[in-house]
Amino acid sequence: MKFFNDLADFSDEQLHALLQLAGRLDTHPEPEALRGKVLSLLFLSPSLRTLASFQAAMIRLGGGSFVISPTMSIHGIETRPGIVMDGAAAEHIREAVPVIASYGDAIGIRAFAQRKDLEQDLADTEFKALIDLIDTPYINMESAIGHPCQNLADWMTLDDFSIPANGGKFVLSWAYHPKALPLAVPASTLYTAARRGMDVTVLRPEGFALPDTVMERARRAADAAGGSVQETDQRTAAMEGAHVIYVKSWSSTTSYGDTIADQKLRNELISWCVDESWFDNAQDDCRFMHCLPVRRGVVVSEPVLDGPRSIVIHEARNRMLAQMAVLHQMLGNSA
Amino acid sequence: MKFFNDLADFSDEQLHALLQLAGRLDTHPEPEALRGKVLSLLFLSPSLRTLASFQAAMIRLGGGSFVISPTMSIHGIETRPGIVMDGAAAEHIREAVPVIASYGDAIGIRAFAQRKDLEQDLADTEFKALIDLIDTPYINMESAIGHPCQNLADWMTLDDFSIPANGGKFVLSWAYHPKALPLAVPASTLYTAARRGMDVTVLRPEGFALPDTVMERARRAADAAGGSVQETDQRTAAMEGAHVIYVKSWSSTTSYGDTIADQKLRNELISWCVDESWFDNAQDDCRFMHCLPVRRGVVVSEPVLDGPRSIVIHEARNRMLAQMAVLHQMLGNSA
Amino acid sequence: MKFFNDLADFSDEQLHALLQLAGRLDTHPEPEALRGKVLSLLFLSPSLRTLASFQAAMIRLGGGSFVISPTMSIHGIETRPGIVMDGAAAEHIREAVPVIASYGDAIGIRAFAQRKDLEQDLADTEFKALIDLIDTPYINMESAIGHPCQNLADWMTLDDFSIPANGGKFVLSWAYHPKALPLAVPASTLYTAARRGMDVTVLRPEGFALPDTVMERARRAADAAGGSVQETDQRTAAMEGAHVIYVKSWSSTTSYGDTIADQKLRNELISWCVDESWFDNAQDDCRFMHCLPVRRGVVVSEPVLDGPRSIVIHEARNRMLAQMAVLHQMLGNSA
């Protein structure tokens with residue numbers, strides 16, 4: 001494996017092998033698998049789970065990692081192309097990325113969406129420009145439009161809780177959040193649930209429909225896997241018989257990049273906070289998933305988050321296991 | 001060992017085994033003991049020795065660790081219970097702690113006292129609330145009222161310098177410091193010296209007596225171990241025949257949580273800076289201990305700190321060895 | 001090897017052994033060489049390459065490292081000697097350095113020049129004061145006047161690109177930069193190229209001549225190695241037949257420590273930006289080297305930096321390999 005950027009780059013067999021390996025590494029540790037191997041970790045955006053779980057994953061496999069982020073005591077990183085660097089930043093990303101990559105056997109890069117231009121973010125322009133600078137194996141640790149480590153962990157979580165693939169009903173719901181957030185998690189989660197063959201409903205208010213290209217990609221994946229993709233702004237219909245609700249806030253797509261218009265839209269939507277009443281017509285044991293961090297009392301009520309439906313901690317731990325599988329295939333001696 | 005929170009949780013035999021193991025690991029390294037094992041380190045309060053020594057300890061035993069602190073480029077951590085999270089912080093400690101713990105075989109947590117309510121701090125309410133969120137093995141890396149890693153390192157240091165247990169005279173002295181500091185080190189150090197069977201004198205000015213419960217716990221430990229506990233504000237009497245003076249500043253307990261009243265009290269006490277004159281009637285080779293960091297010329301004079309009495313660097317290094325012993329017992333294959 | 005501070009401390013045989021080892025460790029990894037060994041890393045100045053490459057180096061050799069820098073959540077480090085510490089900083093460098101060193105088998109320290117007093121910086125007064133506090137093996141990770149890890153990596157890079165030693169023409173050129181930068185890299189690079197036996201020309205404008213002691217040390221090294229050292233402000237003459245140009249900005253030496261006078265001098269020198277026209281009379285395949293970080297469009301034009309002359313990424317990667325060789329000799333079982 002030379003890169004891990006999008007579940008769509010892998011066949012069903014490859015994904016199942018990764019999921020199986022993730023589970024095996026949990027019960028059968030391999031502390032020698034990556035001895036002396038180095039993972040470079042470049043965080044251009046904040047992180048907690050990704051930061052912690054990748055470090056832990058490398059240690060468990062006998063290797064190690066180092067972290068670079070612009071908030072550290074480094075010289076400041078310029079990202080704009082073609083600029084005369086007479087300002088504060090002393091280093092350009094065009095050197096920083098290949099240098100950091102050169103110290104590792106692979107590099108993980110996190111760079112959130114700019115959220116200025118929807119087409120650019122959907123095309124993952126910024127992340128691709130970074131990847132073009134290197135020829136090392138790389139891992140997408142969340143880009144403008146992708147979060148494959150989260151996706152693999154989520155798939156594993158659905159399996160762990162025996163949530164049906166074909167016939168399983170997956171609701172991807174928008175929720176209120178005071179800030180406009182990236183599309184990476186909702187877009188790639190939608191694809192993942194569809195790819196798993198589930199019946200997926202995107203529940204979102206007016207102005208927050210996912211982009212057509214995102215919906216279409218998911219529909220094609222669902223068609224191939226025996227699932228389906230729908231969208232609605234009707235909560236009751238969406239939740240009917242749901243096995244799992246995956247909650248995440250995201251930016252308005254009709255006002256993408258327009259902070260004021262987005263804020264105006266979302267200010268009316270403060271009632272989109274998932275509470276127990278949402279589950280009235282869902283499956284009795286309908287699960288609550290969220291990639292975290294999650295705002296208590298804003299995105300989800302405390303009783304739901306702290307109650308038996310919530311599998312968010314299990315889901316977060318699976319990040320480490322999924323990444324161990326990826327790293328094992330990417331850097332292992334059999335790789 | 002499932003937790004390391006308080007020396008009082010361990011029998012004399014267990015403590016001696018830990019001390020013996022700490023010494024053995026210094027001379028007989030075991031770089032395979034914890035291979036592939038991960039220690040999660042959560043620092044809610046600043047640190048240098050703890051931060052460095054735990055990382056070094058895990059490497060020496062063949063494992064590794066990762067560090068999370070709110071000053072990193074993470075999303076901000078909310079600690080208040082029951083709050084509607086519509087402010088700056090995007091993640092609640094109720095998710096952060098179990099998630100971070102889930103990536104490790106054990107977790108170390110540091111969370112200083114709030115210093116608002118003495119009863120709450122004495123009961124270690126905040127630390128216990130964090131620990132209640134997890135079922136992973138954990139290590140107290142300094143809480144409101146405990147600092148067991150420091151205590152074990154100090155016990156080891158007393159042994160290393162052949163300072164007598166029964167019959168040894170240990171002075172725990174308050175010193176001037178411009179800020180009100182926590183009670184964790186003085187309270188747990190007092191217990192430790194008493195538990196070791198020493199004759200302990202707490203030397204402190206009016207308004208800085210340690211809380212009754214702290215004194216009583218130490219007296220009970222001294223009774224059981226053949227030592228004694230006294231307190232005084234008379235320096236000359238306290239230092240008479242002392243084998244070691246352990247210096248630390250702490251908050252006023254009569255004005256606990258009242259910054260202005262505390263400041264007013266301590267402003268009169270600037271002369272409580274340990275200099276060579278303090279040792280006039282002590283043992284000739286009376287040692288100077290301090291957990292560090294220490295303010296030169298404020299808490300202690302430079303000649304004492306840089307002179308032959310001072311064993312603070314040895315004491316700081318023992319932090320690593322003591323923690324290696326704890327980690328070995330907690331995470332080792334024989335554990 | 002007990003310290004790595006200056007290439008001048010090593011014989012030609014020792015340097016060649018280090019270079020050979022660096023190359024061998026690249027092709028023949030030794031992930032068990034330093035198992036359980038710890039490198040303490042103290043960064044009193046910003047860093048990216050040094051920060052990343054030392055961590056990677058230790059992992060590749062089976063050990064590990066930890067990083068301390070004053071920008072972390074520690075208590076603040078006071079560096080002034082003899083001060084009464086009643087201000088913000090709670091810890092003095094006189095404790096911090098020996099404590100940090102005590103957790104490692106070796107310590108790496110980075111402390112840039114104060115750039116106030118030229119004699120003090122040339123004498124490396126500050127770095128020597130830090131080293132005097134410890135007896136652990138240590139590595140200079142860039143001091144006021146030395147950067148031996150960069151020097152060893154640069155030597156390796158010259159070898160890798162088959163740039164001739166005797167008979168090879170090495171131009172060390174000043175370039176424009178908006179800030180006054182330290183002398184460590186130019187001074188130690190000049191020595192290194194001279195020591196390698198090359199014909200070295202220092203190309204710099206009026207006011208930026210390297211100090212006499214620096215020039216003389218290089219001349220002595222060149223004499224012993226069969227090379228030569230010249231200096232000029234004439235670009236065309238300097239670049240005639242050059243095999244490599246090593247570019248770096250540095251402070252004015254005639255106005256050392258006088259920020260305003262330095263700024264006035266450099267403001268006239270904005271044309272000292274290396275572009276393709278500089279190479280008109282150089283060797284056809286004349287290489288461009290720079291220790292990074294480098295300001296695009298300021299120090300060097302984008303076409304040169306992104307073009308085939310530039311070997312800066314290879315040079316940066318050699319930092320890791322060179323340091324692995326040093327660490328292997330310093331901490332390896334055969335050490």
# chains A, B, ... in the order shown; residues from 1 in each chain; ligands from 1
call {"tool": "interface_residues", "arguments": {"of": "chain A", "to": "chain B", "cutoff": "10 Å", "atoms": "only C-alpha atoms", "output": "PyMOL selection string"}}
result
chain A and resi 29-33+35+43-49+51-65+69-72+177-179+292-302+305-306+312-321
call {"tool": "select_by_dssp", "arguments": {"residues": "region 140-295 of chain C", "states": "strand (DSSP E)", "output": "PyMOL selection string"}}
result
chain C and resi 140+169-173+199-203+228-232+244-247+287-289
call {"tool": "write_last_selection", "arguments": {"atoms": "N, CA and C atoms", "output": "compact mmCIF listing (two decimals), in the first residue's frame"}}
result
# COMPACT_ATOMS: atom_id res chain seq x y z
N ASN C 140 25.69 19.28 20.20
CA ASN C 140 25.37 20.66 19.86
C ASN C 140 24.38 20.64 18.69
N LYS C 169 35.41 23.63 -6.13
CA LYS C 169 35.23 25.05 -5.78
C LYS C 169 33.90 25.28 -5.07
N PHE C 170 33.99 25.74 -3.84
CA PHE C 170 32.83 25.92 -2.95
C PHE C 170 32.65 27.41 -2.68
N VAL C 171 31.52 27.95 -3.09
CA VAL C 171 31.23 29.36 -2.79
C VAL C 171 30.23 29.42 -1.64
N LEU C 172 30.65 30.06 -0.57
CA LEU C 172 29.74 30.33 0.55
C LEU C 172 29.24 31.75 0.38
N SER C 173 27.97 31.91 0.03
CA SER C 173 27.48 33.25 -0.28
C SER C 173 26.46 33.76 0.73
N ASP C 199 38.46 24.52 -2.45
CA ASP C 199 38.82 25.92 -2.65
C ASP C 199 37.58 26.75 -2.37
N VAL C 200 37.61 27.43 -1.26
CA VAL C 200 36.41 28.08 -0.75
C VAL C 200 36.49 29.59 -0.95
N THR C 201 35.43 30.15 -1.49
CA THR C 201 35.33 31.60 -1.59
C THR C 201 34.12 32.06 -0.79
N VAL C 202 34.37 33.00 0.11
CA VAL C 202 33.26 33.62 0.84
C VAL C 202 32.84 34.86 0.06
N LEU C 203 31.65 34.86 -0.39
CA LEU C 203 31.10 35.97 -1.19
C LEU C 203 30.13 36.74 -0.31
N SER C 228 41.94 26.01 -0.07
CA SER C 228 42.23 27.42 0.07
C SER C 228 40.98 28.17 0.51
N VAL C 229 41.18 29.36 1.06
CA VAL C 229 40.06 30.20 1.49
C VAL C 229 40.28 31.62 1.00
N GLN C 230 39.29 32.15 0.32
CA GLN C 230 39.35 33.53 -0.14
C GLN C 230 38.06 34.22 0.24
N GLU C 231 38.06 35.56 0.12
CA GLU C 231 36.79 36.26 0.29
C GLU C 231 36.72 37.43 -0.67
N THR C 232 35.52 37.77 -1.05
CA THR C 232 35.32 38.82 -2.04
C THR C 232 33.88 39.32 -1.96
N VAL C 244 29.71 24.30 -6.38
CA VAL C 244 28.57 24.39 -5.47
C VAL C 244 28.52 25.78 -4.86
N ILE C 245 27.32 26.30 -4.74
CA ILE C 245 27.14 27.53 -3.98
C ILE C 245 26.27 27.19 -2.76
N TYR C 246 26.80 27.55 -1.60
CA TYR C 246 26.11 27.31 -0.33
C TYR C 246 25.64 28.68 0.14
N VAL C 247 24.35 28.87 0.20
CA VAL C 247 23.80 30.20 0.46
C VAL C 247 23.27 30.28 1.88
N ARG C 287 25.85 23.10 -8.03
CA ARG C 287 24.74 22.78 -7.14
C ARG C 287 24.40 23.95 -6.22
N PHE C 288 23.16 23.97 -5.80
CA PHE C 288 22.69 24.96 -4.83
C PHE C 288 22.39 24.26 -3.51
N MET C 289 23.07 24.71 -2.45
CA MET C 289 22.82 24.14 -1.11
C MET C 289 22.34 25.24 -0.17
call {"tool": "select_by_dssp", "arguments": {"residues": "region 243-292 of chain A", "states": "helix (DSSP H, G or I)", "output": "PyMOL selection string"}}
result
chain A and resi 259-267+276-279
call {"tool": "write_last_selection", "arguments": {"atoms": "C-alpha atoms", "output": "mmCIF file, in the first residue's frame"}}
result
data_model
loop_
_atom_site.group_PDB
_atom_site.id
_atom_site.type_symbol
_atom_site.label_atom_id
_atom_site.label_comp_id
_atom_site.auth_asym_id
_atom_site.auth_seq_id
_atom_site.Cartn_x
_atom_site.Cartn_y
_atom_site.Cartn_z
ATOM 1 C CA THR A 259 -19.612 33.066 6.826
ATOM 2 C CA ILE A 260 -22.330 35.615 7.437
ATOM 3 C CA ALA A 261 -24.937 33.917 5.264
ATOM 4 C CA ASP A 262 -24.035 30.542 6.762
ATOM 5 C CA GLN A 263 -24.368 31.937 10.273
ATOM 6 C CA LYS A 264 -27.744 33.443 9.448
ATOM 7 C CA LEU A 265 -28.990 30.089 8.188
ATOM 8 C CA ARG A 266 -27.697 28.062 11.117
ATOM 9 C CA ASN A 267 -28.920 30.494 13.760
ATOM 10 C CA GLU A 276 -33.936 11.012 23.007
ATOM 11 C CA SER A 277 -37.104 12.158 21.193
ATOM 12 C CA TRP A 278 -35.315 11.606 17.876
ATOM 13 C CA PHE A 279 -35.305 7.880 18.531
#
call {"tool": "residues_around", "arguments": {"residues": "region 145-154 of chain A", "least_positions_apart": "2", "cutoff": "8 Å", "atoms": "only C-alpha atoms", "output": "ChimeraX atom specification"}}
result
/A:4-7,19,113,121-124,140-143,156-158,182-185,187-189,192,291,315-316,318-319,321-323
